[in-house]
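A short write-up of the structure that comes next.
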Amino acid sequence: MPNTIPVPNTIYVVNGPNLNLLGAREPELYGRATLADVEKLCRTAAERFGLAVEFRQSNHEGEIVDWIQQAHAKNAAGLIINPAGYTTTSIAILDALYVLKAPIIEIHITNIHARESFRRHSYVSRAARGVICGFGVDGYALAIAGLAAMIGAKE
Ligand code: CA2
């Protein structure tokens, strides 16, 4: 058997608090797509580049930290994170992201710069290679395409 190192091909898509409510509340802000729709969209976008997706959502900071550590332990090819309300508060999530060597993309459904000023400061951005916001849930597909380009995954 050839002694080859497997190429990492799994990307983690991690969603923070309240994103389980997508589609059910505040559609004027976040649209009508549900989180299940977003998961499907991510899988379809990733398949084009031969990438697999671990799709997660949690309302709990520590669980998100655990998944980031898991992405590192499993040698994930990259991580896309919508930290939601933890964007502006979580040094614990930032510290976990700093450990990850694979590229990180931060994504927000809305344009956080056009909203309340407190939404504009992101701890997570310090660890992110790229940030996408304001494209609605299509931003997830854009994040996957951008990540694929960063890691050299071809269509
Ligand atoms: O625009 C984004 O994706 C945000 O990360 C969403 C967060 C917000 O705190 C950030 O400033 C921007 C809020 C997520 C809450 O998600 C909901 C979805 C549907 C209904 C209610 C909340």
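Here, A, B, ... name the chains of the structure tokens in the order displayed, residue numbers run from 1 inside each chain, and ligands are numbered from 1 in the same displayed order.
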* Nearby polymer residues, ligand 1, at most 10 Å, only C-alpha atoms and all ligand atoms, as a ChimeraX atom specification -> /A:15-35,81-88,106-113,115-122,132-137,139
* Within 12 Å of Asn9 of chain A, counting only C-alpha atoms, which residues qualify if same-chain residues fewer than 4 places away don't, as a count of residues only? -> 22
* Output as a ChimeraX atom specification all residues of segment 1-139 of chain A that backbone DSSP marks as strand (DSSP E or B). => /A:10-15,52-57,78-82,104-108,130-133
* helix (DSSP H, G or I) call set, DSSP backbone run, segment 6-155 of chain A, as number ranges by chain -> A: 19-21, 27-30, 35-47, 61-73, 84-86, 91-99, 112-114, 117-119, 124-126, 138-151
Compile the contact shell of Cys42 of chain A as a PDB file with C-alpha atoms, in the first residue's frame: residues with an atom at most 8 Å away, counting only C-alpha atoms, same-chain residues fewer than 5 positions apart removed.
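And here's result-v7.pdb as it stands now:
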```
ATOM      1  CA  VAL A  53     -19.087  19.285   5.169  1.00  0.00           C
ATOM      2  CA  TYR A 140     -22.240  30.531   2.838  1.00  0.00           C
ATOM      3  CA  ALA A 141     -21.787  29.349  -0.768  1.00  0.00           C
ATOM      4  CA  ILE A 144     -17.116  27.781   0.473  1.00  0.00           C
TER       5      ILE A 144
END
```
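Distances to Ala145 of chain A were evaluated for A:Ala36, A:Ala114, A:Leu41, A:Leu94 using only C-alpha atoms, and the minimum falls at A:Leu41.
Shortest atom-to-atom contact with Asp138 of chain A among A:Tyr98, A:Lys40, A:Ala92, A:Gly62: A:Lys40, counting only C-alpha atoms.
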* Just the residues within 10 Å of Ile93 of chain A, please, counting only C-alpha atoms, with nothing from its chain fewer than 6 positions along; format it as a PyMOL selection string. => chain A and resi 61-66+68-69+83+86-87+123-124+127
